[in-house]
Amino acid sequence: MQRSLVQGVVFASVVALVSVFGPSAAKAQVTAFKQAVAEAASKDRDLAAFYHANSYRGIWTGNSVKERRRRQELFRAIEMADLHGLPEARYKAPELKARMKAATSPRDRGLVEVELSRTFVQLSRDMQTGALVPTLIDDGIKREVPLRKRDSYLASFAKSNPRNFFRALPPRTNEYTRLMKEKIQLEKRLAAGGWGPKVPAKSLKPGATGNAVVALRNRLIQMDYMRRSSSRSYDEDVKRAVQKFQSDHGLTPDGVAGAGTLAEINKPVQARLQSVMVAMERERWLNKPRGDRHVLVNLTDFSARIIDDDRVTFQTRAVVGKNISDRRSPEFSDVMEFMVINPTWNVPRSIAVKEYLPMMKRNPNAAGHLQLYDRRGRKVPRGAVNFEAFNSRNFPFSIKQPPSRRNALGLVKFMFPNQYNIYLHDTPEKALFAREKRDFSHGCIRLQQPFEFAYEMLSKQESDPKTFFHAKLETGRETVVPLDEPVPVHITYRTAFTQAKGRTQFRRDVYGRDAKIWSALAKAGVSLGAVQG
């Protein structure tokens, strides 16, 4: 329906020119080139809008210096697509060049003109906001990509320096730049044969000797974690190298090459390269201002950071959603507006009917720390309820836990109201933060140091944030504290991420989302390339 409407508008414009100027005048105005442009562009609403606004004049196929330069920079950008981890074959450069060479008539040039624009728009969007649609990859990726209107690329490009235009498209973040450098280094390593043979052992401890230790030593040397050595024993040098590796991969740095550590050490260069290329795609999905101050949660790293002007000013361990279908933490961005000190836990209905209702059917006094309320907000005593009469569809009560140190939310929660009912909060289950893999929650993000996080959040508006916070806490009453300047929150998922100083960090694909993204990229035509050093 929309395509028919666009075609009608385009051809109506052409007919209008004929009717106004007459056959002879129209012949000078509506050339075969413009007619071909109008026809080809009519199949694409955005291209039709651009060319209609441009009176069907070309921007690519003429002989002017500007048009020649635009063509050169477009094909140069296509050649650079692989550097960005984009599917170079998608842009069909050889076919375009062949069509340009074979275009001998104005009509042929008009058709090629539109095809160049179509390719340009595809490449520009892919470079700026990613080659994939994240919401189609996994239902836990709720990321809203900052897409620009497709015709706006053409309008801007026509007025810009072509090379500068393409340079400005990819994310201008330090993270993206460092990821690109890491990609090149890994490609060189791949070309050189990788990191050598895998370590043939289930686990190794300091003091061990033999061929497996030699393989471990050699692999750590190739990864640049230790200097060359001829030792065949798991000595202090090997132990220190293992600890460094563990720290860079989110593992407990105990210096013991257990099963988990060896599984990561034995991962091939290709796996790390895939993680980096997926991270670059994810960075393109988030190609927008993130806030001079913002909160960055990385689900695979089980961490939350406060970032000020691209510098980490606070960091804490986190517990994230359990790796089962209805508990995995989603990825999205929102804005933190307030914190609640001494919060009440309003038990989500899904938890109330799936977990607590069956418990109360077995024992009406189960989970005695929770209170029932009717639809009018009145507290309902347990003895007045026949729990057997209700199921997940007709259970009429809400369940709440009043403020206390035993509250499931702990003593403070940080709110960025969203449709997924996800927020950051304290927890009484402190022991979980000592775990290496920390996916235990129903989806919300639990913080190991919630008080310190609160102090930092309040530091922009309170001269003594710690005293202010504890004055509210000691009342025991639920207290809402608005943030004078709301802070963006970005819940991300990166199995590869960089540091301003130090090595690129790698983490396990805890929810399997990056594997899905890589599969989609590969299907789109992205491949692993080996670059000669």
# chains A, B, ... in the order shown; residues from 1 in each chain; ligands from 1
>>> residues_around(residues="Ile137 of chain A", least_positions_apart="2", cutoff="7 Å", atoms="only C-alpha atoms", output="list in words")
Pro134, Thr135, Asp139, Lys516 and Ile517 of chain A
>>> residues_around(residues="Phe50 of chain A", least_positions_apart="4", cutoff="8 Å", atoms="only C-alpha atoms", output="list in words")
Asp46, Asn54, Asp151, Leu154 and Ala155 of chain A
>>> residues_around(residues="Arg240 of chain A", least_positions_apart="5", cutoff="10 Å", atoms="only C-alpha atoms", output="list in words")
Tyr225, Met226, Asp235, Phe245, Gln246, Pro253, Asp254, Gly255 and Val256 of chain A
>>> residues_around(residues="segment 471-487 of chain A", least_positions_apart="4", cutoff="10 Å", atoms="only C-alpha atoms", output="ChimeraX atom specification")
/A:290-295,306,334-344,402-405,411-416,457-458,460-462,465-467
>>> select_by_dssp(residues="segment 50-293 of chain A", states="alpha helix (DSSP H)", output="ChimeraX atom specification")
/A:50-53,65-79,93-102,106-129,150-158,162-167,174-191,211-222,236-248,259-265,269-285
>>> closest_residue(among="A:Arg143, A:Arg438, A:Arg90, A:Arg109", to="Asn63 of chain A", atoms="only C-alpha atoms")
A:Arg109
>>> closest_residue(among="A:Arg435, A:Lys97, A:Lys239, A:Arg272", to="Leu186 of chain A", atoms="only C-alpha atoms")
A:Arg272
>>> atom_distance(atom1="atom CA of Leu370 of chain A", atom2="atom CA of Thr316 of chain A")
29.2 Å
>>> closest_residue(among="A:Gly85, A:Thr261, A:Lys149, A:Ala500", to="Ala49 of chain A", atoms="only C-alpha atoms")
A:Lys149
>>> atom_distance(atom1="atom CA of Gln122 of chain A", atom2="atom CA of Ala81 of chain A")
11.6 Å
>>> closest_residue(among="A:Ala304, A:Leu521, A:Val347, A:Ala212", to="Ala408 of chain A", atoms="only C-alpha atoms")
A:Val347
>>> residues_around(residues="segment 189-196 of chain A", least_positions_apart="3", cutoff="12 Å", atoms="only C-alpha atoms", output="PyMOL selection string")
chain A and resi 182-186+199-200+214-225+265-274+528-533
>>> write_last_selection(atoms="C-alpha atoms", output="PDB file, in the first residue's frame")
ATOM      1  CA  GLU A 182      42.185  -5.385  19.695  1.00  0.00           C
ATOM      2  CA  LYS A 183      40.457  -6.838  16.637  1.00  0.00           C
ATOM      3  CA  ILE A 184      43.498  -6.074  14.494  1.00  0.00           C
ATOM      4  CA  GLN A 185      45.881  -7.583  17.060  1.00  0.00           C
ATOM      5  CA  LEU A 186      43.830 -10.776  17.297  1.00  0.00           C
ATOM      6  CA  VAL A 199      46.683 -27.627  27.434  1.00  0.00           C
ATOM      7  CA  PRO A 200      45.984 -31.402  27.673  1.00  0.00           C
ATOM      8  CA  VAL A 214      54.901 -27.067  29.314  1.00  0.00           C
ATOM      9  CA  ALA A 215      51.813 -26.611  27.126  1.00  0.00           C
ATOM     10  CA  LEU A 216      50.325 -24.250  29.736  1.00  0.00           C
ATOM     11  CA  ARG A 217      53.571 -22.303  29.960  1.00  0.00           C
ATOM     12  CA  ASN A 218      53.891 -22.020  26.174  1.00  0.00           C
ATOM     13  CA  ARG A 219      50.291 -20.874  25.746  1.00  0.00           C
ATOM     14  CA  LEU A 220      50.701 -18.200  28.444  1.00  0.00           C
ATOM     15  CA  ILE A 221      53.897 -17.033  26.716  1.00  0.00           C
ATOM     16  CA  GLN A 222      52.067 -16.721  23.380  1.00  0.00           C
ATOM     17  CA  MET A 223      49.336 -14.731  25.141  1.00  0.00           C
ATOM     18  CA  ASP A 224      52.015 -12.391  26.544  1.00  0.00           C
ATOM     19  CA  TYR A 225      51.302 -13.284  30.158  1.00  0.00           C
ATOM     20  CA  ILE A 265      42.947 -20.616  28.517  1.00  0.00           C
ATOM     21  CA  ASN A 266      42.150 -23.212  25.843  1.00  0.00           C
ATOM     22  CA  LYS A 267      39.696 -20.993  23.996  1.00  0.00           C
ATOM     23  CA  PRO A 268      41.072 -20.281  20.520  1.00  0.00           C
ATOM     24  CA  VAL A 269      41.909 -16.869  19.080  1.00  0.00           C
ATOM     25  CA  GLN A 270      38.805 -17.137  16.898  1.00  0.00           C
ATOM     26  CA  ALA A 271      36.539 -17.196  19.964  1.00  0.00           C
ATOM     27  CA  ARG A 272      38.115 -14.041  21.398  1.00  0.00           C
ATOM     28  CA  LEU A 273      37.962 -12.344  18.000  1.00  0.00           C
ATOM     29  CA  GLN A 274      34.261 -13.149  17.753  1.00  0.00           C
ATOM     30  CA  LEU A 528      36.933 -13.828  10.726  1.00  0.00           C
ATOM     31  CA  GLY A 529      39.929 -12.457   8.905  1.00  0.00           C
ATOM     32  CA  ALA A 530      43.609 -13.112   9.501  1.00  0.00           C
ATOM     33  CA  VAL A 531      45.833 -10.064   9.028  1.00  0.00           C
ATOM     34  CA  GLN A 532      49.481 -10.536   8.254  1.00  0.00           C
ATOM     35  CA  GLY A 533      51.729  -8.736  10.749  1.00  0.00           C
TER      36      GLY A 533
END
>>> atom_distance(atom1="atom CA of Leu116 of chain A", atom2="atom CA of Glu67 of chain A")
11.6 Å
>>> select_by_dssp(residues="segment 297-477 of chain A", states="strand (DSSP E)", output="VMD selection string")
chain A and resid 297 to 298 303 to 308 311 to 321 332 to 341 345 to 346 371 to 373 379 to 380 398 to 401 412 to 415 424 to 425 439 to 441 445 to 447
>>> write_last_selection(atoms="N, CA and C atoms", output="short mmCIF file (atom, residue, chain, number, x, y, z; two decimals), in the first residue's frame")
data_model
loop_
_atom_site.label_atom_id
_atom_site.label_comp_id
_atom_site.auth_asym_id
_atom_site.auth_seq_id
_atom_site.Cartn_x
_atom_site.Cartn_y
_atom_site.Cartn_z
N VAL A 297 26.09 -1.03 33.85
CA VAL A 297 26.03 -2.39 34.38
C VAL A 297 26.44 -3.33 33.26
N ASN A 298 27.39 -4.21 33.54
CA ASN A 298 27.76 -5.24 32.57
C ASN A 298 27.35 -6.58 33.14
N SER A 303 28.92 -6.68 37.37
CA SER A 303 29.45 -5.45 37.98
C SER A 303 28.57 -4.26 37.62
N ALA A 304 28.69 -3.23 38.45
CA ALA A 304 28.05 -1.94 38.19
C ALA A 304 29.08 -0.86 38.42
N ARG A 305 29.15 0.09 37.50
CA ARG A 305 30.11 1.18 37.60
C ARG A 305 29.41 2.51 37.45
N ILE A 306 29.97 3.52 38.11
CA ILE A 306 29.56 4.91 37.87
C ILE A 306 30.66 5.53 37.03
N ILE A 307 30.27 6.10 35.90
CA ILE A 307 31.23 6.69 34.97
C ILE A 307 31.04 8.20 34.95
N ASP A 308 32.11 8.94 35.16
CA ASP A 308 32.09 10.40 35.07
C ASP A 308 33.10 10.83 34.02
N ARG A 311 35.43 8.23 32.82
CA ARG A 311 36.34 7.69 33.84
C ARG A 311 35.53 6.98 34.91
N VAL A 312 35.96 5.78 35.29
CA VAL A 312 35.26 5.02 36.33
C VAL A 312 35.54 5.66 37.69
N THR A 313 34.50 6.16 38.34
CA THR A 313 34.67 6.79 39.66
C THR A 313 34.17 5.90 40.80
N PHE A 314 33.43 4.85 40.46
CA PHE A 314 32.98 3.90 41.48
C PHE A 314 32.67 2.58 40.79
N GLN A 315 32.99 1.48 41.48
CA GLN A 315 32.72 0.16 40.93
C GLN A 315 32.37 -0.80 42.06
N THR A 316 31.40 -1.67 41.81
CA THR A 316 31.02 -2.65 42.81
C THR A 316 30.60 -3.94 42.13
N ARG A 317 30.74 -5.05 42.84
CA ARG A 317 30.25 -6.33 42.35
C ARG A 317 28.72 -6.30 42.31
N ALA A 318 28.17 -7.16 41.46
CA ALA A 318 26.71 -7.22 41.34
C ALA A 318 26.27 -8.67 41.18
N VAL A 319 25.03 -8.92 41.55
CA VAL A 319 24.35 -10.18 41.26
C VAL A 319 23.29 -9.85 40.21
N VAL A 320 23.19 -10.69 39.17
CA VAL A 320 22.24 -10.42 38.09
C VAL A 320 21.24 -11.56 38.00
N GLY A 321 20.34 -11.46 37.03
CA GLY A 321 19.27 -12.44 36.88
C GLY A 321 19.78 -13.84 36.60
N PHE A 332 18.90 -2.81 28.41
CA PHE A 332 18.20 -1.60 27.97
C PHE A 332 18.83 -0.40 28.65
N SER A 333 18.38 0.78 28.27
CA SER A 333 18.85 2.02 28.90
C SER A 333 17.65 2.79 29.42
N ASP A 334 17.84 3.46 30.54
CA ASP A 334 16.80 4.31 31.12
C ASP A 334 17.48 5.38 31.96
N VAL A 335 16.70 6.08 32.78
CA VAL A 335 17.26 7.19 33.56
C VAL A 335 16.89 7.03 35.02
N MET A 336 17.91 6.98 35.91
CA MET A 336 17.68 6.88 37.34
C MET A 336 17.17 8.22 37.86
N GLU A 337 16.01 8.19 38.52
CA GLU A 337 15.37 9.42 38.96
C GLU A 337 15.41 9.61 40.48
N PHE A 338 15.43 8.51 41.22
CA PHE A 338 15.41 8.64 42.69
C PHE A 338 15.89 7.35 43.33
N MET A 339 16.19 7.44 44.62
CA MET A 339 16.47 6.24 45.40
C MET A 339 15.44 6.16 46.52
N VAL A 340 15.23 4.97 47.02
CA VAL A 340 14.31 4.75 48.13
C VAL A 340 15.10 4.11 49.27
N ILE A 341 15.17 4.82 50.39
CA ILE A 341 15.86 4.32 51.58
C ILE A 341 14.83 3.64 52.48
N TRP A 345 9.20 -3.90 49.85
CA TRP A 345 9.26 -4.76 48.67
C TRP A 345 7.85 -5.10 48.23
N ASN A 346 7.46 -4.58 47.10
CA ASN A 346 6.20 -4.94 46.48
C ASN A 346 6.46 -6.15 45.60
N GLN A 371 3.37 -9.63 53.96
CA GLN A 371 2.02 -9.21 54.34
C GLN A 371 1.12 -9.14 53.11
N LEU A 372 -0.15 -9.47 53.32
CA LEU A 372 -1.13 -9.46 52.23
C LEU A 372 -1.97 -8.18 52.29
N TYR A 373 -2.31 -7.66 51.10
CA TYR A 373 -3.16 -6.46 51.01
C TYR A 373 -4.21 -6.68 49.94
N LYS A 379 -4.64 -4.13 54.81
CA LYS A 379 -3.91 -5.32 55.21
C LYS A 379 -4.89 -6.45 55.53
N VAL A 380 -4.58 -7.66 55.07
CA VAL A 380 -5.47 -8.81 55.23
C VAL A 380 -4.76 -9.87 56.07
N SER A 398 -2.20 -8.42 46.82
CA SER A 398 -0.81 -8.05 46.58
C SER A 398 -0.02 -8.45 47.82
N ILE A 399 1.25 -8.73 47.63
CA ILE A 399 2.11 -9.16 48.74
C ILE A 399 3.23 -8.15 48.90
N LYS A 400 3.47 -7.75 50.14
CA LYS A 400 4.50 -6.77 50.42
C LYS A 400 5.36 -7.21 51.60
N GLN A 401 6.59 -6.73 51.58
CA GLN A 401 7.48 -6.93 52.73
C GLN A 401 7.86 -5.54 53.24
N VAL A 412 18.18 -0.13 50.61
CA VAL A 412 18.07 0.97 49.63
C VAL A 412 17.90 0.38 48.23
N LYS A 413 17.09 1.05 47.43
CA LYS A 413 16.96 0.67 46.03
C LYS A 413 17.07 1.94 45.17
N PHE A 414 17.52 1.74 43.94
CA PHE A 414 17.78 2.85 43.02
C PHE A 414 16.88 2.68 41.81
N MET A 415 16.02 3.68 41.59
CA MET A 415 14.92 3.52 40.67
C MET A 415 15.10 4.28 39.36
N LEU A 424 18.22 -1.33 40.57
CA LEU A 424 19.40 -1.71 41.36
C LEU A 424 19.02 -1.66 42.83
N HIS A 425 19.54 -2.59 43.64
CA HIS A 425 19.17 -2.56 45.06
C HIS A 425 20.17 -3.33 45.92
N ASP A 439 24.82 -15.15 39.00
CA ASP A 439 23.48 -15.00 38.43
C ASP A 439 22.48 -15.74 39.33
N PHE A 440 21.84 -14.99 40.22
CA PHE A 440 20.95 -15.58 41.21
C PHE A 440 19.62 -14.85 41.36
N SER A 441 19.49 -13.64 40.84
CA SER A 441 18.30 -12.83 41.13
C SER A 441 17.15 -13.17 40.18
N ILE A 445 19.22 -6.00 39.63
CA ILE A 445 20.66 -5.97 39.84
C ILE A 445 20.93 -5.68 41.32
N ARG A 446 21.51 -6.65 42.02
CA ARG A 446 21.85 -6.47 43.44
C ARG A 446 23.29 -5.96 43.56
N LEU A 447 23.53 -5.00 44.43
CA LEU A 447 24.84 -4.38 44.58
C LEU A 447 25.52 -4.82 45.87
#
>>> residues_around(residues="Gln128 of chain A", least_positions_apart="4", cutoff="7 Å", atoms="only C-alpha atoms", output="ChimeraX atom specification")
/A:124,169-171,284,287
>>> residues_around(residues="segment 364-366 of chain A", least_positions_apart="4", cutoff="7 Å", atoms="only C-alpha atoms", output="MDAnalysis selection string")
chainID A and resid 359:360 382
>>> closest_residue(among="A:Arg148, A:Arg494, A:Arg70, A:Arg172", to="Thr129 of chain A", atoms="only C-alpha atoms")
A:Arg148
>>> decode(residues="segment 441-455 of chain A", atoms="all heavy atoms", output="mmCIF file, in the first residue's frame")
data_model
loop_
_atom_site.group_PDB
_atom_site.id
_atom_site.type_symbol
_atom_site.label_atom_id
_atom_site.label_comp_id
_atom_site.auth_asym_id
_atom_site.auth_seq_id
_atom_site.Cartn_x
_atom_site.Cartn_y
_atom_site.Cartn_z
ATOM 1 N N SER A 441 19.491 -13.641 40.837
ATOM 2 C CA SER A 441 18.301 -12.833 41.126
ATOM 3 C C SER A 441 17.148 -13.169 40.183
ATOM 4 O O SER A 441 17.273 -13.984 39.269
ATOM 5 C CB SER A 441 18.647 -11.345 41.020
ATOM 6 O OG SER A 441 18.642 -10.904 39.671
ATOM 7 N N HIS A 442 16.015 -12.509 40.415
ATOM 8 C CA HIS A 442 14.862 -12.640 39.525
ATOM 9 C C HIS A 442 14.974 -11.701 38.325
ATOM 10 O O HIS A 442 14.051 -11.631 37.507
ATOM 11 C CB HIS A 442 13.566 -12.342 40.283
ATOM 12 C CG HIS A 442 13.124 -13.463 41.180
ATOM 13 N ND1 HIS A 442 13.625 -13.630 42.447
ATOM 14 C CD2 HIS A 442 12.243 -14.481 40.971
ATOM 15 C CE1 HIS A 442 13.059 -14.695 43.002
ATOM 16 N NE2 HIS A 442 12.229 -15.231 42.139
ATOM 17 N N GLY A 443 16.052 -10.972 38.208
ATOM 18 C CA GLY A 443 16.246 -10.057 37.076
ATOM 19 C C GLY A 443 16.819 -8.719 37.478
ATOM 20 O O GLY A 443 17.533 -8.082 36.699
ATOM 21 N N CYS A 444 16.520 -8.272 38.706
ATOM 22 C CA CYS A 444 17.074 -7.006 39.180
ATOM 23 C C CYS A 444 18.565 -7.141 39.474
ATOM 24 O O CYS A 444 19.095 -8.242 39.581
ATOM 25 C CB CYS A 444 16.326 -6.531 40.424
ATOM 26 S SG CYS A 444 14.688 -5.847 40.058
ATOM 27 N N ILE A 445 19.220 -6.002 39.631
ATOM 28 C CA ILE A 445 20.660 -5.966 39.843
ATOM 29 C C ILE A 445 20.931 -5.678 41.316
ATOM 30 O O ILE A 445 20.597 -4.598 41.819
ATOM 31 C CB ILE A 445 21.326 -4.875 38.973
ATOM 32 C CG1 ILE A 445 20.823 -4.959 37.515
ATOM 33 C CG2 ILE A 445 22.838 -4.986 39.064
ATOM 34 C CD1 ILE A 445 21.073 -6.276 36.833
ATOM 35 N N ARG A 446 21.512 -6.646 42.023
ATOM 36 C CA ARG A 446 21.852 -6.466 43.444
ATOM 37 C C ARG A 446 23.289 -5.957 43.558
ATOM 38 O O ARG A 446 24.177 -6.466 42.861
ATOM 39 C CB ARG A 446 21.719 -7.788 44.191
ATOM 40 C CG ARG A 446 20.353 -8.450 44.077
ATOM 41 C CD ARG A 446 20.372 -9.807 44.752
ATOM 42 N NE ARG A 446 19.156 -10.570 44.519
ATOM 43 C CZ ARG A 446 18.977 -11.837 44.903
ATOM 44 N NH1 ARG A 446 19.967 -12.461 45.546
ATOM 45 N NH2 ARG A 446 17.850 -12.467 44.652
ATOM 46 N N LEU A 447 23.525 -5.002 44.434
ATOM 47 C CA LEU A 447 24.837 -4.382 44.581
ATOM 48 C C LEU A 447 25.515 -4.825 45.866
ATOM 49 O O LEU A 447 24.892 -4.860 46.928
ATOM 50 C CB LEU A 447 24.706 -2.854 44.580
ATOM 51 C CG LEU A 447 24.004 -2.223 43.367
ATOM 52 C CD1 LEU A 447 23.947 -0.715 43.528
ATOM 53 C CD2 LEU A 447 24.700 -2.603 42.075
ATOM 54 N N GLN A 448 26.803 -5.120 45.776
ATOM 55 C CA GLN A 448 27.557 -5.509 46.964
ATOM 56 C C GLN A 448 27.775 -4.322 47.895
ATOM 57 O O GLN A 448 27.778 -4.475 49.116
ATOM 58 C CB GLN A 448 28.918 -6.099 46.560
ATOM 59 C CG GLN A 448 29.723 -6.598 47.758
ATOM 60 C CD GLN A 448 31.083 -7.135 47.368
ATOM 61 O OE1 GLN A 448 31.691 -6.671 46.405
ATOM 62 N NE2 GLN A 448 31.560 -8.137 48.092
ATOM 63 N N GLN A 449 27.980 -3.131 47.342
ATOM 64 C CA GLN A 449 28.235 -1.928 48.138
ATOM 65 C C GLN A 449 27.164 -0.866 47.854
ATOM 66 O O GLN A 449 27.447 0.197 47.293
ATOM 67 C CB GLN A 449 29.624 -1.381 47.816
ATOM 68 C CG GLN A 449 30.755 -2.337 48.167
ATOM 69 C CD GLN A 449 32.087 -1.854 47.631
ATOM 70 O OE1 GLN A 449 32.372 -1.941 46.445
ATOM 71 N NE2 GLN A 449 32.906 -1.306 48.527
ATOM 72 N N PRO A 450 25.933 -1.134 48.246
ATOM 73 C CA PRO A 450 24.844 -0.211 47.925
ATOM 74 C C PRO A 450 24.951 1.125 48.652
ATOM 75 O O PRO A 450 24.562 2.161 48.099
ATOM 76 C CB PRO A 450 23.595 -0.977 48.354
ATOM 77 C CG PRO A 450 24.095 -1.907 49.428
ATOM 78 C CD PRO A 450 25.458 -2.311 48.994
ATOM 79 N N PHE A 451 25.449 1.125 49.900
ATOM 80 C CA PHE A 451 25.577 2.380 50.632
ATOM 81 C C PHE A 451 26.590 3.294 49.947
ATOM 82 O O PHE A 451 26.338 4.481 49.727
ATOM 83 C CB PHE A 451 26.006 2.128 52.077
ATOM 84 C CG PHE A 451 24.933 1.534 52.960
ATOM 85 C CD1 PHE A 451 23.735 1.086 52.440
ATOM 86 C CD2 PHE A 451 25.132 1.432 54.332
ATOM 87 C CE1 PHE A 451 22.754 0.537 53.249
ATOM 88 C CE2 PHE A 451 24.152 0.881 55.166
ATOM 89 C CZ PHE A 451 22.969 0.434 54.611
ATOM 90 N N GLU A 452 27.750 2.713 49.598
ATOM 91 C CA GLU A 452 28.782 3.511 48.930
ATOM 92 C C GLU A 452 28.295 4.006 47.570
ATOM 93 O O GLU A 452 28.624 5.122 47.149
ATOM 94 C CB GLU A 452 30.054 2.674 48.766
ATOM 95 C CG GLU A 452 30.762 2.364 50.083
ATOM 96 C CD GLU A 452 30.163 1.207 50.863
ATOM 97 O OE1 GLU A 452 29.118 0.642 50.426
ATOM 98 O OE2 GLU A 452 30.722 0.859 51.918
ATOM 99 N N PHE A 453 27.512 3.166 46.893
ATOM 100 C CA PHE A 453 26.904 3.580 45.624
ATOM 101 C C PHE A 453 25.989 4.780 45.858
ATOM 102 O O PHE A 453 25.999 5.747 45.087
ATOM 103 C CB PHE A 453 26.124 2.404 45.030
ATOM 104 C CG PHE A 453 25.601 2.626 43.639
ATOM 105 C CD1 PHE A 453 26.357 2.276 42.539
ATOM 106 C CD2 PHE A 453 24.347 3.183 43.434
ATOM 107 C CE1 PHE A 453 25.874 2.466 41.249
ATOM 108 C CE2 PHE A 453 23.851 3.385 42.159
ATOM 109 C CZ PHE A 453 24.613 3.025 41.053
ATOM 110 N N ALA A 454 25.211 4.717 46.939
ATOM 111 C CA ALA A 454 24.303 5.823 47.268
ATOM 112 C C ALA A 454 25.076 7.098 47.581
ATOM 113 O O ALA A 454 24.692 8.192 47.142
ATOM 114 C CB ALA A 454 23.417 5.442 48.450
ATOM 115 N N TYR A 455 26.156 6.981 48.347
ATOM 116 C CA TYR A 455 26.956 8.174 48.665
ATOM 117 C C TYR A 455 27.429 8.845 47.375
ATOM 118 O O TYR A 455 27.365 10.074 47.237
ATOM 119 C CB TYR A 455 28.196 7.829 49.499
ATOM 120 C CG TYR A 455 27.980 7.027 50.754
ATOM 121 C CD1 TYR A 455 29.017 6.237 51.275
ATOM 122 C CD2 TYR A 455 26.756 7.043 51.439
ATOM 123 C CE1 TYR A 455 28.838 5.492 52.429
ATOM 124 C CE2 TYR A 455 26.588 6.294 52.584
ATOM 125 C CZ TYR A 455 27.624 5.515 53.075
ATOM 126 O OH TYR A 455 27.452 4.763 54.208
#
